[in-house]
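Each remark here refers to the structure printed beneath this line.
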Amino acid sequence: MTGRSWIESANLADADFPLHHLPWGRFERSDMPGRWALGVAVGDMAMDVSLLVEAGLARGLDGSLREALAGPSLNGLLALGRPAWHQARAWAMRLLAAEEPALRDRKDRGRFLVPRDQLRMALAMDVGDYTDFYASIHHATNVGSMFRPDNPLLPNWRHVPIGYHGRASTLVPSGTAVRRPFGQSSAAESGPPSFGPCRLFDYELEVGVVVGPGNGIGERVDIATARDRLFGICLVNDWSARDVQKWEYVPLGPFTAKNFCTSVGAWVTPLEAIEPWLEPGPVRDAAAPENLPYLRWSGDFTFDLKLQVLLRSARMREQGMPAMQVSVGTYRDMYWTFAQMLTHHACTGCAMRPGDLLASGTVSGPTPESRGCLLERTWRGTEPLSLPDGTQRKFLEDGDEVILRGWFDARGGTGRIGLGECRGVVLPAIA
């Protein structure tokens, strides 16, 4: 293939979704209300994969794969494993390639393609379980130094991928508004607490990975097989109530401070699409201890995914002002890899299932500009940000819109790709 598509918007140099990307999503079309379908994004369009299967344009695919692609969510495809993922991706790329006439020359090709701005998106997969990790050493050190200045990084942190079980029931697709939560908080460490709307409301810039074939209860996952069990990545915003978190996180970690809403990017980028950007990793400093054998793998990988946070207040939107960049960094700065997170999660025999979501935790780097949440970016509110509308932010205010973006710059003859956006507006608490 030439690498070009007959959909011209996919050939633009700054396109998030060129032919060599093709992320997966689940959507309802404006011209087919009530029908949810699987598809891939290409340029400013989406190809309705489920409809292609129904129309008999996937006869060359295995029967189980056709059945999965006609299903209501990505879970059927996830369960089939890496060979099926490759087959589905190759089939979609062929149909959309500039030189392929099978779909391009059909008079009714418009049935199978729909502008992405005419879609209502849902999460691409049905998420049975969601786990959030704490994989950035910069984030862990910064937050630890705020609350434990004499001992910011606890002894176990460099030995074990730390995480907590999140709440799958409150995962929402990008574009869904988030309601400011209520909770217990206390001005003094010893209490007493009060109950009311969160005052220190925050976002967390994260990257999620979607699990494919899982393991049975009592079975461990060998880290050397982790790549074959990880389907793709997406943007994640783990909204956080910092005042609630401070009061409740000892001794068992986050609970109501994070269970109320987590935003997930609507499009899932297959790992196969980012293979040109995979690199050995993670990068560790000379003082880092060697991991235990079950967390070591010669083929482990990371990637230089650029990540950006933008903020726009309600007043900025009313005045037509663009969103302001708050931070920009790279996923390469993370300490723990997705393979290590999956392997450690299952080391007890915990069953992982197709569609499970693992999130990285806040992606932060070594500079103030690369800190991935307001708790760090404003250093617990002591260094507020000045917005173009003349206001300042220590933490989020009602009406604020947070926009996460991620992209891979062009590399080795392969053009850039983007993960799209993960956005949400903060709504006031309801008494």
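How things are named: the first chain in the structure tokens is A, the next is B, and so on; residues count from 1 in each chain; ligands count from 1 in the order shown.
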Report as a PDB file with C-alpha atoms, in the first residue's frame: the residues of range 211-362 of chain A with a DSSP assignment of helix (DSSP H, G or I), based on the backbone of this structure.
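Done, and the output landed in selection.pdb:
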```
ATOM      1  CA  ILE A 223       5.538 -10.738  31.829  1.00  0.00           C
ATOM      2  CA  ALA A 224       6.919 -12.099  28.551  1.00  0.00           C
ATOM      3  CA  THR A 225       3.302 -12.653  27.414  1.00  0.00           C
ATOM      4  CA  ALA A 226       2.072  -9.225  28.522  1.00  0.00           C
ATOM      5  CA  ARG A 227       2.455  -7.610  25.091  1.00  0.00           C
ATOM      6  CA  ASP A 228       0.093 -10.220  23.617  1.00  0.00           C
ATOM      7  CA  ARG A 229      -2.514  -9.421  26.288  1.00  0.00           C
ATOM      8  CA  ARG A 242      -7.832  16.498  46.891  1.00  0.00           C
ATOM      9  CA  ASP A 243      -9.269  17.711  50.203  1.00  0.00           C
ATOM     10  CA  VAL A 244     -11.314  14.513  50.532  1.00  0.00           C
ATOM     11  CA  GLN A 245      -8.279  12.460  49.512  1.00  0.00           C
ATOM     12  CA  LYS A 246      -6.052  14.032  52.156  1.00  0.00           C
ATOM     13  CA  TRP A 247      -8.489  13.115  54.943  1.00  0.00           C
ATOM     14  CA  GLU A 248      -9.298   9.557  53.852  1.00  0.00           C
ATOM     15  CA  LEU A 271      -0.421  -1.044  20.141  1.00  0.00           C
ATOM     16  CA  GLU A 272       0.238  -2.321  16.624  1.00  0.00           C
ATOM     17  CA  ALA A 273      -0.358   1.213  15.321  1.00  0.00           C
ATOM     18  CA  ILE A 274       2.361   2.661  17.574  1.00  0.00           C
ATOM     19  CA  GLU A 275       5.027   0.021  16.972  1.00  0.00           C
ATOM     20  CA  PRO A 276       7.298   2.596  15.238  1.00  0.00           C
ATOM     21  CA  TRP A 277       7.357   4.492  18.541  1.00  0.00           C
ATOM     22  CA  PRO A 293      12.548 -11.508  38.431  1.00  0.00           C
ATOM     23  CA  TYR A 294       8.799 -11.677  37.753  1.00  0.00           C
ATOM     24  CA  LEU A 295       8.852  -7.961  36.784  1.00  0.00           C
ATOM     25  CA  ALA A 314     -16.468  29.450  31.389  1.00  0.00           C
ATOM     26  CA  ARG A 315     -15.586  33.118  30.868  1.00  0.00           C
ATOM     27  CA  MET A 316     -12.929  32.187  28.307  1.00  0.00           C
ATOM     28  CA  ARG A 317     -15.515  30.171  26.372  1.00  0.00           C
ATOM     29  CA  GLU A 318     -18.014  33.046  26.514  1.00  0.00           C
ATOM     30  CA  TYR A 331       4.905   9.226  28.743  1.00  0.00           C
ATOM     31  CA  ARG A 332       8.565   8.216  28.418  1.00  0.00           C
ATOM     32  CA  ASP A 333       9.137   9.705  31.890  1.00  0.00           C
ATOM     33  CA  PHE A 338       2.133  -1.358  31.300  1.00  0.00           C
ATOM     34  CA  ALA A 339       3.583  -4.870  31.065  1.00  0.00           C
ATOM     35  CA  GLN A 340       4.775  -4.613  34.669  1.00  0.00           C
ATOM     36  CA  MET A 341       1.427  -3.234  35.823  1.00  0.00           C
ATOM     37  CA  LEU A 342      -0.490  -6.106  34.229  1.00  0.00           C
ATOM     38  CA  THR A 343       1.934  -8.748  35.485  1.00  0.00           C
ATOM     39  CA  HIS A 344       1.930  -7.457  39.046  1.00  0.00           C
ATOM     40  CA  HIS A 345      -1.849  -7.070  39.056  1.00  0.00           C
TER      41      HIS A 345
END
```
Using only C-alpha atoms, I'd like a table of the residues in range 243-335 of chain A that come within 9 Å of range 197-209 of chain A; for each, show the closest atom pair and its distance in Å rounded to one decimal, ordered by chain and ascending number, as JSON lines.
```
{"residue": "A:Asp243", "atom": "CA", "partner": "A:Leu200", "partner_atom": "CA", "distance": 5.6}
{"residue": "A:Val244", "atom": "CA", "partner": "A:Cys198", "partner_atom": "CA", "distance": 6.9}
{"residue": "A:Ala257", "atom": "CA", "partner": "A:Cys198", "partner_atom": "CA", "distance": 8.9}
{"residue": "A:Val264", "atom": "CA", "partner": "A:Gly208", "partner_atom": "CA", "distance": 8.1}
{"residue": "A:Gly265", "atom": "CA", "partner": "A:Gly208", "partner_atom": "CA", "distance": 9.0}
{"residue": "A:Val268", "atom": "CA", "partner": "A:Val209", "partner_atom": "CA", "distance": 8.6}
{"residue": "A:Leu307", "atom": "CA", "partner": "A:Leu205", "partner_atom": "CA", "distance": 8.1}
{"residue": "A:Gln308", "atom": "CA", "partner": "A:Leu205", "partner_atom": "CA", "distance": 8.2}
{"residue": "A:Val309", "atom": "CA", "partner": "A:Leu205", "partner_atom": "CA", "distance": 7.2}
{"residue": "A:Tyr331", "atom": "CA", "partner": "A:Val207", "partner_atom": "CA", "distance": 8.1}
```
Dump of C-alpha atoms for the selected residues, as a PDB file, in the first residue's frame:
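So the final result, stored in part_39.pdb, reads:
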```pdb
ATOM      1  CA  ASP A 243      -9.269  17.711  50.203  1.00  0.00           C
ATOM      2  CA  VAL A 244     -11.314  14.513  50.532  1.00  0.00           C
ATOM      3  CA  ALA A 257     -11.908  11.053  46.485  1.00  0.00           C
ATOM      4  CA  VAL A 264     -11.824   7.997  29.111  1.00  0.00           C
ATOM      5  CA  GLY A 265     -10.888   8.903  25.555  1.00  0.00           C
ATOM      6  CA  VAL A 268      -8.537   3.246  21.512  1.00  0.00           C
ATOM      7  CA  LEU A 307       0.863  14.677  26.370  1.00  0.00           C
ATOM      8  CA  GLN A 308      -0.781  18.047  26.882  1.00  0.00           C
ATOM      9  CA  VAL A 309      -3.285  19.542  29.312  1.00  0.00           C
ATOM     10  CA  TYR A 331       4.905   9.226  28.743  1.00  0.00           C
TER      11      TYR A 331
END
```
Option closest in space to Arg220 in chain A, from A:Met93, A:Met352, A:Leu78, A:Val283 [counting only C-alpha atoms]: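 Going through A:Met93, A:Met352, A:Leu78, A:Val283 one by one, the smallest distance to Arg220 in chain A is for A:Met352.
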Please, which residues of range 242-290 of chain A, numbered as in this document, come out strand (DSSP E) from DSSP, as a PDB file with C-alpha atoms, in the first residue's frame?
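After the write, states-v8.pdb holds the following:
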```
ATOM      1  CA  THR A 262     -13.123   9.051  35.465  1.00  0.00           C
ATOM      2  CA  SER A 263     -13.131  10.288  31.860  1.00  0.00           C
ATOM      3  CA  VAL A 264     -11.824   7.997  29.111  1.00  0.00           C
ATOM      4  CA  THR A 269      -5.234   3.187  19.634  1.00  0.00           C
ATOM      5  CA  PRO A 270      -3.958  -0.352  18.953  1.00  0.00           C
ATOM      6  CA  LEU A 278       7.919   1.592  20.936  1.00  0.00           C
ATOM      7  CA  GLU A 279      11.342   1.654  22.568  1.00  0.00           C
ATOM      8  CA  PRO A 280      13.118  -0.307  25.292  1.00  0.00           C
TER       9      PRO A 280
END
```
Between A:Arg167, A:Arg371, A:His159, A:Lys258, which one has atoms that come closest to Arg180 in chain A, using only C-alpha atoms? A:Lys258
Residue nearest Gly372 in chain A - candidates A:Thr348, A:Ser360, A:Ser145, A:Asn75, atoms counted: only C-alpha atoms: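 Of A:Thr348, A:Ser360, A:Ser145, A:Asn75, the one nearest Gly372 in chain A, counting only C-alpha atoms, is A:Ser360.
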Measuring atom to atom with only C-alpha atoms, identify which of A:Met45, A:Ala70, A:Gln87, A:Arg179 is nearest to Pro428 in chain A.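 Of A:Met45, A:Ala70, A:Gln87, A:Arg179, the one nearest Pro428 in chain A is A:Arg179, counting only C-alpha atoms.
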